[in-house]
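Below: the structure, in structure tokens.
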Amino acid sequence: MKPRAVTGFGVVSPLGTGREAFLESMRAGASAVSKGPIQTIDIAKYPGVRVAEVGDFDATRFLGDKGLRSLDRLTKLLVVATRLAVRDAGLKGESGWPSTPAGAAAWADRVGMIVSNAYGSLEAISELDRVAVLEDRRYINPSRFPLTVSNSAAGYASIWEDIRALNVTVSDGNCGALDAVACADMFLEHGRADALLVGGVEALAEALVLAFHKLGVRGACVGEGAALLVLETNEGARARGAKAIAEVTGYGTSFVAPKAVGALLCPSSGALEHAAAQAMADAGITGADVDLVVSGVAGIRAFDDEEVRAIRRVVGEGAIVVAPKLALGETFGAGGAMGMLAALAHLQGDAATPVVRGTLRGQVRRVLVTSLGYYGNASALVMRAASR
Amino acid sequence: MFVTGVGVVSSIGLGREAFFRALEAGKSGISPVVSFDAAPLGREYAGEVKDFDARDHLTSGERGRIGRCSAMALAAARMAIEDAGLAPAAVAGPRTAVVLGTTMGEARTLAELDRQWILGGPEAVSRAKIPRYGSTLLPVHVARALGAEGMVLALPAACAAGNYAIGFAADFIRAGRADVVVTGAAELLQELQFSGFVRLAAMAQERCQPFDLNRQGLLLGEGAGVLVLESERHAAARSARLQAEVGGYGLSCDAYHITRPHPEAQGSIAAMRDAIGRSGIAAADVDFVNAHGTGTRHNDAAEAKVIRDVFGEARIPISSMKSMLGHCMGAASALEAIGCVFTIETGVYPPTISYDTPDPECDLDVVANVARRGKSDVVINNSLAFGGYNAVTIFARPGVLPPPRAAEGRA
């Protein structure tokens with residue numbers, strides 16, 4: 001792929017909302033893993049499961065208090081991240097989209113969004129299922145029903161921020177946010193938009209905590225949040241006077257199925273090896289050029305081991321590997337985007353995300369970001385410091 | 001980019017031959033729902049797939065790990081690969097990707113888990129079933145069965161998901177990231193979704209009547225439509241039969257209302273114009289529009305506006321397959337894409353059945369009740385979706401479209 005400029009980002013995470021707060025947490029090496037009760041779910045019912053919550057999340061602080069009532073947490077997280085992203089990248093100010101010269105397309109028609117999400121609104125689906133099972137299907141709330149559709153959050157975000165060029169929701173488990181970047185690369189190449197908000201969203205829902213509890217996932221932590229990076233062509237960014245804070249230069253993906261007929265969950269180092277090798281080839285670099293690997297290591301032993309194994313094979317034994325999910329939690333569909341933001345923090349200087357291999361040292365110029373899915377899927381991409 | 005194979009699981013037939021015959025005959029797939037008790041909701045009809053038995057298409061091992069939505073997708077994928085004349089070994093490996101659309105994926109699996117949880121608490125939830133939920137699984141299951149090792153991606157783009165997947169697949173091949181993409185979409189009929197549409201007062205009683213003055217709303221449907229897309233080079237190297245060329249595609253988002261299309265339909269108009277422009281042709285070159293035509297007042301009125309705006313006084317023939325299939329949600333535009341291939345191959349425009357009374361607000365040349373023969377070099381597949389999503393793809397007889405210009409981004 002051609003190098004694509006990252007010109008800003010919006011984030012709502014357990015480690016801060018907005019650019020400054022998030023980067024400060026990365027620098028401080030903060031962790032959001034809960035040690036006690038949280039606000040949204042009674043986790044005492046699920047002993048052993050750890051969570052990372054966006055604490056005191058109040059969408060009205062960012063969006064005002066009109067029109068939020070029928071929205072779920074997933075949508076609110078994404079809408080806030082969307083607003084932060086368009087402002088952070090200087091695409092939009094307090095008074096909305098800047099005007100364009102007569103004859104030129106309006107900004108709203110030149111900006112699009114690509115959002116990864118793995119599980120949809122479990123909150124809304126469980127809520128309606130509860131009414132259907134315990135009362136009657138005929139009483140389910142029609143104003144909540146739209147939330148059960150998988151692209152609902154992205155649809156609402158486009159309405160709130162008036163984003164019209166295109167709107168795509170992708171789903172590839174924990175890898176989806178990296179795939180969204182591949183999608184953005186093609187759309188930019190074909191002139192479908194001048195700027196794209198790319199990333200993912202996932203909301204903490206009791207059903208997810210229950211799933212981790214039932215599956216006996218103890219090491220990992222269920223997280224939540226929304227992260228959107230603004231991607232543009234380098235020429236486009238220059239033309240509007242936007243400064244690139246980093247570039248994405250390569251992408252790869254692969255799927256290697258488990259061999260056992262009955263197996264479904266499968267950590268596949270083979271898939272990640274292919275994906276990472278493709279991403280590096282796409283970026284025109286080799287393992288020796290990779291200063292840091294921002295992995296998707298999340299605290300699930302079998303998956304972590306396979307991920308690190310693949311990284312060692314592709315990048316080399318000297319690979320330095322960090323794992324922001326150990327501080328932020330597993331945010332599934334948003335995971336890759338959170339990883340990209342952690343990579344940004346490292347490219348900008350003294351970030352201190354949890355290290356799982358090697359020792360952080362010196363300036364980071366090129367980062368490999370990896371994601372290993374639960375089913376044999378894997379994706380990877382390469383980011384580098386912005387060219388001057 | 002060419003379509004070299006198609007596979008279908010639908011309420012009007014399984015596989016290319018049966019589906020094509022049914023489209024020509026104007027067969028209705030609408031019948032009383034049997035998979036759950038719909039009667040108390042006051043609506044009982046849908047395009048439910050009654051003749052699909054996973055045992056005819058999947059191994060016992062596959063059936064053990066796959067939900068119904070993925071099973072329909074996999075069956076359609078196998079049909080498409082056979083139709084394309086591709087040997088299993090030719091689709092195995094890293095150069096084949098699987099990109100599928102859906103709205104809710106394995107919604108029944110989630111409903112079952114929720115039911116266990118609500119009635120019996122966490123202890124009652126089936127541990128083994130948990131990993132079987134997630135729309136991600138749709139392409140994962142298909143890729144695994146085919147041995148494909150390239151990208152696996154689900155595009156939950158609601159009722160335009162099939163068009164999104166096909167457009168994405170074409171771009172992915174164009175970017176050099178795959179030679180073959182197994183693409184399309186799948187959706188199953190599910191109780192919560194059915195109840196939701198009833199509660200939104202969007203569902204008709206027994207007949208879906210797109211563009212009719214007295215249309216009462218949509219009917220739901222289910223099924224899977226899968227297409228094999230191949231790069232020109234890959235198809236030529238094996239002398240594959242080219243069924244249709246994938247032309248340009250257009251996307252936009254209304255940013256207006258979560259369920260209703262914009263009344264002025266500017267986004268949808270822009271997407272259709274973009275698809276035509278990216279195909280290197282003019283509106284006058286288009287022969288037929290396979291319309292979204294859901295049978296709701298808002299959709300059909302907005303779509304009529306789009307067609308009149310793009311085609312002006314030229315009365316282009318249009319038709320909605322949803323009159324036969326119901327609205328198969330994510331799978332709709334994939335099945336309709338296969339309908340476009342049907343039209344290109346046979347020169348037949350599928351009819352809009354149940355069409356009784358023209359609506360002045362939808363002043364269009366609707367192919368009413370009986371299939372029609374006509375020129376079929378370039379066909380448009382239109383879709384509008386939940387979330388304000390608009391997606392339009394163009395299919396053409398191979399050799400008709402001007403050579404792609406890279407800068408135009410022809411799919």
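Letters for chains follow the order of the structure tokens (A, B, ...), residue numbers begin at 1 for each chain, and ligand numbers begin at 1 in the order shown.
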Residues of chain A that approach chain B to 7 Å or less, counting only C-alpha atoms: could you list each one with the shortest pair of atoms and its distance in Å to one decimal, rows by chain and increasing residue number, as a Markdown table?
| residue | atom | partner | partner_atom | distance |
| --- | --- | --- | --- | --- |
| A:Ala118 | CA | B:Gly134 | CA | 6.6 |
| A:Tyr119 | CA | B:Gly134 | CA | 5.7 |
| A:Ser126 | CA | B:Asp114 | CA | 6.4 |
| A:Asp129 | CA | B:Asp114 | CA | 6.8 |
| A:Arg130 | CA | B:Ile118 | CA | 6.5 |
| A:Val133 | CA | B:Arg115 | CA | 6.9 |
| A:Arg137 | CA | B:Ser195 | CA | 6.2 |
| A:Arg138 | CA | B:Leu41 | CA | 6.4 |
| A:Pro142 | CA | B:Arg199 | CA | 5.6 |
| A:Phe145 | CA | B:Gly196 | CA | 5.9 |
| A:Val149 | CA | B:Thr103 | CA | 6.5 |
| A:Ser150 | CA | B:Pro156 | CA | 5.9 |
| A:Asn151 | CA | B:Ala157 | CA | 6.0 |
| A:Ser152 | CA | B:Gly387 | CA | 6.0 |
| A:Gly155 | CA | B:Gly387 | CA | 4.1 |
| A:Tyr156 | CA | B:Ile258 | CA | 6.5 |
| A:Ser158 | CA | B:Ala255 | CA | 5.0 |
| A:Ile159 | CA | B:Ala255 | CA | 4.0 |
| A:Asp162 | CA | B:Ala255 | CA | 5.4 |
| A:Ile163 | CA | B:Ala255 | CA | 6.2 |
| A:Arg164 | CA | B:Cys253 | CA | 4.5 |
| A:Ala165 | CA | B:Ser252 | CA | 5.0 |
| A:Leu166 | CA | B:Ser252 | CA | 4.3 |
| A:Asn167 | CA | B:Cys253 | CA | 6.0 |
| A:Val168 | CA | B:Ala157 | CA | 6.7 |
| A:Thr169 | CA | B:Pro156 | CA | 5.8 |
| A:Val170 | CA | B:Leu155 | CA | 4.6 |
| A:Ser171 | CA | B:Ala154 | CA | 4.9 |
| A:Asp172 | CA | B:Thr136 | CA | 4.9 |
| A:Gly173 | CA | B:Thr136 | CA | 5.8 |
| A:Met186 | CA | B:Asp171 | CA | 6.6 |
| A:His190 | CA | B:Gly409 | CA | 4.5 |
| A:Leu210 | CA | B:Pro122 | CA | 6.9 |
| A:Ala211 | CA | B:Ile130 | CA | 6.5 |
| A:Lys214 | CA | B:Arg127 | CA | 5.9 |
| A:Leu215 | CA | B:Arg127 | CA | 6.3 |
| A:Thr253 | CA | B:Met151 | CA | 5.6 |
| A:Ser254 | CA | B:Gly150 | CA | 4.8 |
| A:Phe255 | CA | B:Glu149 | CA | 4.6 |
| A:Val256 | CA | B:Glu149 | CA | 5.7 |
| A:Ala257 | CA | B:Arg144 | CA | 5.6 |
| A:Val261 | CA | B:Gly61 | CA | 5.8 |
| A:Gly262 | CA | B:Gly61 | CA | 6.4 |
Please list as a list in words every residue within 8 Å of B:Thr343, counting only C-alpha atoms and excluding residues in the same chain fewer than 6 positions away.
Tyr349, Pro350, Ser376 and Val379 of chain B
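Here atom CA of B:Leu219 and atom CA of B:Ala302 stand 18.5 Å from one another.
Within stretch 47-122 of chain A, DSSP applied to the backbone places the following residues in helix (DSSP H, G or I): Thr60, Arg61, Phe62, Leu63, Arg73, Leu74, Thr75, Lys76, Leu77, Leu78, Val79, Val80, Ala81, Thr82, Arg83, Leu84, Ala85, Val86, Arg87, Asp88, Trp107, Ala108, Asp109, Arg110 and Leu122 of chain A.
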Within 9 Å of A:Leu84, counting only C-alpha atoms, which residues show up once you throw out same-chain ones fewer than 2 positions away? Write them as a JSON list (two decimals) with C-alpha atoms, in the first residue's frame, please.
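Listed below is the output, selection_6.json:
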[["chain", "number", "residue", "atom", "x", "y", "z"],
["A", 9, "PHE", "CA", -7.57, 10.40, 16.26],
["A", 10, "GLY", "CA", -10.49, 10.15, 18.62],
["A", 11, "VAL", "CA", -10.51, 7.72, 21.51],
["A", 12, "VAL", "CA", -12.72, 6.78, 24.41],
["A", 17, "THR", "CA", -10.75, 10.01, 26.49],
["A", 18, "GLY", "CA", -9.23, 12.23, 23.84],
["A", 19, "ARG", "CA", -5.68, 12.52, 22.52],
["A", 62, "PHE", "CA", -19.27, 15.81, 24.63],
["A", 79, "VAL", "CA", -20.27, 8.84, 18.59],
["A", 80, "VAL", "CA", -17.99, 10.50, 21.13],
["A", 81, "ALA", "CA", -14.89, 9.02, 19.49],
["A", 82, "THR", "CA", -16.16, 10.21, 16.11],
["A", 86, "VAL", "CA", -12.99, 14.92, 13.29],
["A", 87, "ARG", "CA", -11.98, 17.74, 15.62],
["A", 88, "ASP", "CA", -8.55, 16.35, 16.46],
["A", 89, "ALA", "CA", -7.69, 16.04, 12.78],
["A", 228, "LEU", "CA", -10.87, 6.02, 15.33]]
Please provide the set of residues having any atom within 10 Å of B:Leu74, restricted to only C-alpha atoms, with same-chain residues fewer than 3 positions apart removed, written as an mmCIF file with N, CA and C atoms, in the first residue's frame.
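Saved the output as part.cif:
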data_model
loop_
_atom_site.group_PDB
_atom_site.id
_atom_site.type_symbol
_atom_site.label_atom_id
_atom_site.label_comp_id
_atom_site.auth_asym_id
_atom_site.auth_seq_id
_atom_site.Cartn_x
_atom_site.Cartn_y
_atom_site.Cartn_z
ATOM 1 N N GLY B 7 -23.863 -19.403 -6.435
ATOM 2 C CA GLY B 7 -24.528 -20.434 -5.640
ATOM 3 C C GLY B 7 -25.651 -19.800 -4.832
ATOM 4 N N VAL B 9 -28.965 -20.370 -1.939
ATOM 5 C CA VAL B 9 -29.926 -21.035 -1.071
ATOM 6 C C VAL B 9 -31.055 -20.022 -0.889
ATOM 7 N N ALA B 54 -29.062 -29.101 5.750
ATOM 8 C CA ALA B 54 -27.599 -28.983 5.817
ATOM 9 C C ALA B 54 -26.915 -30.310 5.510
ATOM 10 N N HIS B 57 -25.362 -30.814 2.128
ATOM 11 C CA HIS B 57 -24.290 -29.938 1.657
ATOM 12 C C HIS B 57 -23.054 -29.943 2.543
ATOM 13 N N LEU B 58 -23.219 -30.349 3.807
ATOM 14 C CA LEU B 58 -22.129 -30.235 4.772
ATOM 15 C C LEU B 58 -21.786 -31.604 5.350
ATOM 16 N N GLU B 62 -18.669 -30.643 9.928
ATOM 17 C CA GLU B 62 -19.014 -29.238 9.693
ATOM 18 C C GLU B 62 -20.327 -28.880 10.388
ATOM 19 N N ILE B 66 -21.211 -25.591 13.042
ATOM 20 C CA ILE B 66 -21.708 -24.477 12.236
ATOM 21 C C ILE B 66 -23.180 -24.199 12.507
ATOM 22 N N ARG B 68 -26.923 -22.263 11.430
ATOM 23 C CA ARG B 68 -27.699 -22.324 10.191
ATOM 24 C C ARG B 68 -27.305 -21.245 9.177
ATOM 25 N N CYS B 69 -27.008 -20.054 9.653
ATOM 26 C CA CYS B 69 -26.663 -18.972 8.728
ATOM 27 C C CYS B 69 -25.388 -19.335 7.960
ATOM 28 N N SER B 70 -24.368 -19.770 8.693
ATOM 29 C CA SER B 70 -23.112 -20.169 8.044
ATOM 30 C C SER B 70 -23.311 -21.397 7.175
ATOM 31 N N ALA B 71 -24.212 -22.281 7.593
ATOM 32 C CA ALA B 71 -24.456 -23.498 6.805
ATOM 33 C C ALA B 71 -25.033 -23.128 5.439
ATOM 34 N N ALA B 77 -21.673 -21.387 -1.161
ATOM 35 C CA ALA B 77 -20.280 -21.252 -1.614
ATOM 36 C C ALA B 77 -19.837 -22.493 -2.382
ATOM 37 N N ARG B 78 -20.201 -23.663 -1.880
ATOM 38 C CA ARG B 78 -19.820 -24.895 -2.574
ATOM 39 C C ARG B 78 -20.454 -24.949 -3.960
ATOM 40 N N MET B 79 -21.732 -24.545 -4.017
ATOM 41 C CA MET B 79 -22.403 -24.518 -5.324
ATOM 42 C C MET B 79 -21.683 -23.554 -6.273
ATOM 43 N N ALA B 80 -21.301 -22.399 -5.745
ATOM 44 C CA ALA B 80 -20.662 -21.381 -6.589
ATOM 45 C C ALA B 80 -19.320 -21.869 -7.124
ATOM 46 N N LEU B 138 -19.077 -16.286 9.970
ATOM 47 C CA LEU B 138 -19.620 -16.611 8.654
ATOM 48 C C LEU B 138 -18.482 -16.868 7.654
ATOM 49 N N PRO B 139 -17.594 -15.914 7.425
ATOM 50 C CA PRO B 139 -16.490 -16.196 6.503
ATOM 51 C C PRO B 139 -15.497 -17.221 7.053
ATOM 52 N N HIS B 141 -16.110 -19.968 8.806
ATOM 53 C CA HIS B 141 -16.607 -21.313 8.515
ATOM 54 C C HIS B 141 -16.445 -21.660 7.034
ATOM 55 N N VAL B 142 -16.765 -20.691 6.181
ATOM 56 C CA VAL B 142 -16.689 -20.959 4.747
ATOM 57 C C VAL B 142 -15.227 -21.148 4.319
ATOM 58 N N ALA B 143 -14.368 -20.262 4.775
ATOM 59 C CA ALA B 143 -12.954 -20.353 4.397
ATOM 60 C C ALA B 143 -12.361 -21.678 4.863
ATOM 61 N N ARG B 144 -12.718 -22.056 6.059
ATOM 62 C CA ARG B 144 -12.174 -23.295 6.620
ATOM 63 C C ARG B 144 -12.584 -24.487 5.781
ATOM 64 N N ALA B 145 -13.859 -24.547 5.413
ATOM 65 C CA ALA B 145 -14.344 -25.685 4.628
ATOM 66 C C ALA B 145 -13.705 -25.722 3.246
ATOM 67 N N LEU B 146 -13.373 -24.541 2.713
ATOM 68 C CA LEU B 146 -12.793 -24.482 1.371
ATOM 69 C C LEU B 146 -11.273 -24.571 1.385
ATOM 70 N N ALA B 186 -25.304 -13.864 3.605
ATOM 71 C CA ALA B 186 -26.265 -14.838 4.126
ATOM 72 C C ALA B 186 -27.019 -14.240 5.300
ATOM 73 N N ALA B 224 -29.004 -17.417 1.200
ATOM 74 C CA ALA B 224 -27.603 -17.077 0.959
ATOM 75 C C ALA B 224 -27.373 -16.995 -0.534
ATOM 76 N N GLY B 225 -26.635 -15.987 -0.923
ATOM 77 C CA GLY B 225 -26.203 -15.865 -2.310
ATOM 78 C C GLY B 225 -24.697 -15.701 -2.318
ATOM 79 N N VAL B 226 -23.994 -16.569 -3.009
ATOM 80 C CA VAL B 226 -22.533 -16.490 -3.035
ATOM 81 C C VAL B 226 -22.044 -16.458 -4.475
#
If we count only C-alpha atoms and set the cut-off at 12 Å, which residues sit around B:Glu82, ignoring sequence neighbours fewer than 4 positions away in its own chain? Please answer as a short mmCIF file (atom, residue, chain, number, x, y, z; two decimals) with N, CA and C atoms, in the first residue's frame.
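Contents of part13.cif, as written:
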data_model
loop_
_atom_site.label_atom_id
_atom_site.label_comp_id
_atom_site.auth_asym_id
_atom_site.auth_seq_id
_atom_site.Cartn_x
_atom_site.Cartn_y
_atom_site.Cartn_z
N THR B 4 -17.51 -15.78 -12.01
CA THR B 4 -17.34 -17.04 -12.74
C THR B 4 -18.18 -18.16 -12.15
N GLY B 5 -18.86 -17.89 -11.03
CA GLY B 5 -19.71 -18.92 -10.46
C GLY B 5 -20.71 -18.31 -9.49
N VAL B 6 -21.87 -18.92 -9.40
CA VAL B 6 -22.86 -18.45 -8.42
C VAL B 6 -23.48 -19.64 -7.68
N GLY B 7 -23.86 -19.40 -6.44
CA GLY B 7 -24.53 -20.43 -5.64
C GLY B 7 -25.65 -19.80 -4.83
N VAL B 8 -26.74 -20.51 -4.71
CA VAL B 8 -27.93 -19.92 -4.09
C VAL B 8 -28.61 -20.88 -3.11
N GLY B 15 -29.60 -23.53 -5.67
CA GLY B 15 -28.71 -23.69 -6.82
C GLY B 15 -29.13 -22.85 -8.00
N ARG B 16 -28.17 -22.64 -8.92
CA ARG B 16 -28.37 -21.77 -10.07
C ARG B 16 -29.61 -22.12 -10.90
N ALA B 75 -23.10 -23.84 1.96
CA ALA B 75 -23.74 -24.59 0.87
C ALA B 75 -23.72 -23.78 -0.42
N ALA B 76 -24.05 -22.49 -0.31
CA ALA B 76 -24.06 -21.63 -1.50
C ALA B 76 -22.65 -21.48 -2.06
N ALA B 77 -21.67 -21.39 -1.16
CA ALA B 77 -20.28 -21.25 -1.61
C ALA B 77 -19.84 -22.49 -2.38
N ARG B 78 -20.20 -23.66 -1.88
CA ARG B 78 -19.82 -24.89 -2.57
C ARG B 78 -20.45 -24.95 -3.96
N LEU B 86 -14.17 -24.67 -10.54
CA LEU B 86 -12.90 -24.61 -9.82
C LEU B 86 -12.70 -25.90 -9.02
N ALA B 87 -11.55 -26.53 -9.19
CA ALA B 87 -11.22 -27.70 -8.39
C ALA B 87 -10.95 -27.25 -6.96
N PRO B 88 -11.27 -28.10 -5.97
CA PRO B 88 -11.01 -27.72 -4.57
C PRO B 88 -9.59 -27.20 -4.35
N ALA B 90 -7.80 -25.59 -6.28
CA ALA B 90 -7.59 -24.27 -6.88
C ALA B 90 -8.05 -23.14 -5.97
N VAL B 91 -8.93 -23.43 -5.01
CA VAL B 91 -9.36 -22.37 -4.10
C VAL B 91 -8.67 -22.45 -2.74
N LEU B 146 -13.37 -24.54 2.71
CA LEU B 146 -12.79 -24.48 1.37
C LEU B 146 -11.27 -24.57 1.38
N VAL B 226 -23.99 -16.57 -3.01
CA VAL B 226 -22.53 -16.49 -3.04
C VAL B 226 -22.04 -16.46 -4.47
N LEU B 227 -21.09 -15.57 -4.73
CA LEU B 227 -20.51 -15.43 -6.06
C LEU B 227 -19.01 -15.70 -5.99
N VAL B 228 -18.47 -16.32 -7.02
CA VAL B 228 -17.02 -16.43 -7.14
C VAL B 228 -16.55 -15.28 -8.03
N ALA B 240 -11.78 -19.92 -17.80
CA ALA B 240 -13.06 -19.98 -17.11
C ALA B 240 -14.15 -19.30 -17.92
#
Residue nearest A:Arg144 among A:Glu123, A:Glu224, A:Glu306, A:Asp179 (counting only C-alpha atoms)
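Of A:Glu123, A:Glu224, A:Glu306, A:Asp179, the one nearest A:Arg144, counting only C-alpha atoms, is A:Glu123.
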What's the separation between atom CA of B:Val99 and atom CA of A:Val293, in Å to one decimal place?
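Those two atoms sit 27.7 Å apart.
For the residues A:Ala227, A:Ile38, A:Ile320, A:Leu68, ranking by smallest atom-to-atom distance to A:Asp56 using only C-alpha atoms places A:Ile38 first.
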For A:Ala345, find every residue with an atom within 10 Å (counting only C-alpha atoms), except residues of its own chain fewer than 3 positions away, and show them as a PDB file with N, CA and C atoms, in the first residue's frame.
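Generated output (part-v2.pdb):
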ATOM      1  N   ARG A  19      -7.095  12.734  22.820  1.00  0.00           N
ATOM      2  CA  ARG A  19      -5.679  12.522  22.520  1.00  0.00           C
ATOM      3  C   ARG A  19      -4.773  12.714  23.735  1.00  0.00           C
ATOM      4  N   PHE A  22      -5.197  10.156  26.636  1.00  0.00           N
ATOM      5  CA  PHE A  22      -4.776   8.811  26.267  1.00  0.00           C
ATOM      6  C   PHE A  22      -3.252   8.725  26.204  1.00  0.00           C
ATOM      7  N   LEU A  23      -2.628   9.689  25.527  1.00  0.00           N
ATOM      8  CA  LEU A  23      -1.163   9.645  25.399  1.00  0.00           C
ATOM      9  C   LEU A  23      -0.488   9.778  26.758  1.00  0.00           C
ATOM     10  N   GLU A  24      -1.078  10.584  27.632  1.00  0.00           N
ATOM     11  CA  GLU A  24      -0.511  10.742  28.972  1.00  0.00           C
ATOM     12  C   GLU A  24      -0.533   9.399  29.715  1.00  0.00           C
ATOM     13  N   SER A  25      -1.649   8.654  29.577  1.00  0.00           N
ATOM     14  CA  SER A  25      -1.729   7.330  30.217  1.00  0.00           C
ATOM     15  C   SER A  25      -0.688   6.381  29.642  1.00  0.00           C
ATOM     16  N   MET A  26      -0.477   6.458  28.323  1.00  0.00           N
ATOM     17  CA  MET A  26       0.523   5.601  27.689  1.00  0.00           C
ATOM     18  C   MET A  26       1.920   5.938  28.223  1.00  0.00           C
ATOM     19  N   ARG A  27       2.180   7.222  28.364  1.00  0.00           N
ATOM     20  CA  ARG A  27       3.486   7.642  28.881  1.00  0.00           C
ATOM     21  C   ARG A  27       3.666   7.195  30.328  1.00  0.00           C
ATOM     22  N   ALA A 246       1.702  10.255  11.988  1.00  0.00           N
ATOM     23  CA  ALA A 246       2.361   8.971  11.702  1.00  0.00           C
ATOM     24  C   ALA A 246       1.845   8.520  10.351  1.00  0.00           C
ATOM     25  N   GLY A 339      -4.426  -0.745  19.551  1.00  0.00           N
ATOM     26  CA  GLY A 339      -3.026  -1.091  19.303  1.00  0.00           C
ATOM     27  C   GLY A 339      -2.344  -0.039  18.435  1.00  0.00           C
ATOM     28  N   MET A 340      -3.048   0.441  17.423  1.00  0.00           N
ATOM     29  CA  MET A 340      -2.472   1.483  16.568  1.00  0.00           C
ATOM     30  C   MET A 340      -2.226   2.764  17.346  1.00  0.00           C
ATOM     31  N   LEU A 341      -3.123   3.068  18.275  1.00  0.00           N
ATOM     32  CA  LEU A 341      -2.917   4.275  19.087  1.00  0.00           C
ATOM     33  C   LEU A 341      -1.732   4.102  20.033  1.00  0.00           C
ATOM     34  N   ALA A 342      -1.585   2.887  20.561  1.00  0.00           N
ATOM     35  CA  ALA A 342      -0.417   2.619  21.404  1.00  0.00           C
ATOM     36  C   ALA A 342       0.855   2.757  20.554  1.00  0.00           C
ATOM     37  N   GLN A 348       5.772   8.583  19.041  1.00  0.00           N
ATOM     38  CA  GLN A 348       5.931   9.966  19.473  1.00  0.00           C
ATOM     39  C   GLN A 348       6.907  10.113  20.630  1.00  0.00           C
ATOM     40  N   GLY A 349       7.348   9.023  21.193  1.00  0.00           N
ATOM     41  CA  GLY A 349       8.303   9.144  22.289  1.00  0.00           C
ATOM     42  C   GLY A 349       8.034   8.181  23.410  1.00  0.00           C
ATOM     43  N   ASP A 350       8.281   8.605  24.576  1.00  0.00           N
ATOM     44  CA  ASP A 350       8.435   7.812  25.771  1.00  0.00           C
ATOM     45  C   ASP A 350       7.198   7.066  26.273  1.00  0.00           C
ATOM     46  N   ALA A 351       6.577   6.238  25.471  1.00  0.00           N
ATOM     47  CA  ALA A 351       5.434   5.467  25.974  1.00  0.00           C
ATOM     48  C   ALA A 351       5.935   4.290  26.801  1.00  0.00           C
ATOM     49  N   ALA A 352       5.096   3.845  27.712  1.00  0.00           N
ATOM     50  CA  ALA A 352       5.497   2.761  28.621  1.00  0.00           C
ATOM     51  C   ALA A 352       4.392   1.719  28.721  1.00  0.00           C
ATOM     52  N   THR A 353       3.999   1.127  27.578  1.00  0.00           N
ATOM     53  CA  THR A 353       2.978   0.081  27.629  1.00  0.00           C
ATOM     54  C   THR A 353       3.621  -1.205  28.137  1.00  0.00           C
ATOM     55  N   VAL A 364      11.740   4.869  18.538  1.00  0.00           N
ATOM     56  CA  VAL A 364      10.950   3.922  17.751  1.00  0.00           C
ATOM     57  C   VAL A 364      10.550   4.598  16.444  1.00  0.00           C
TER      58      VAL A 364
END
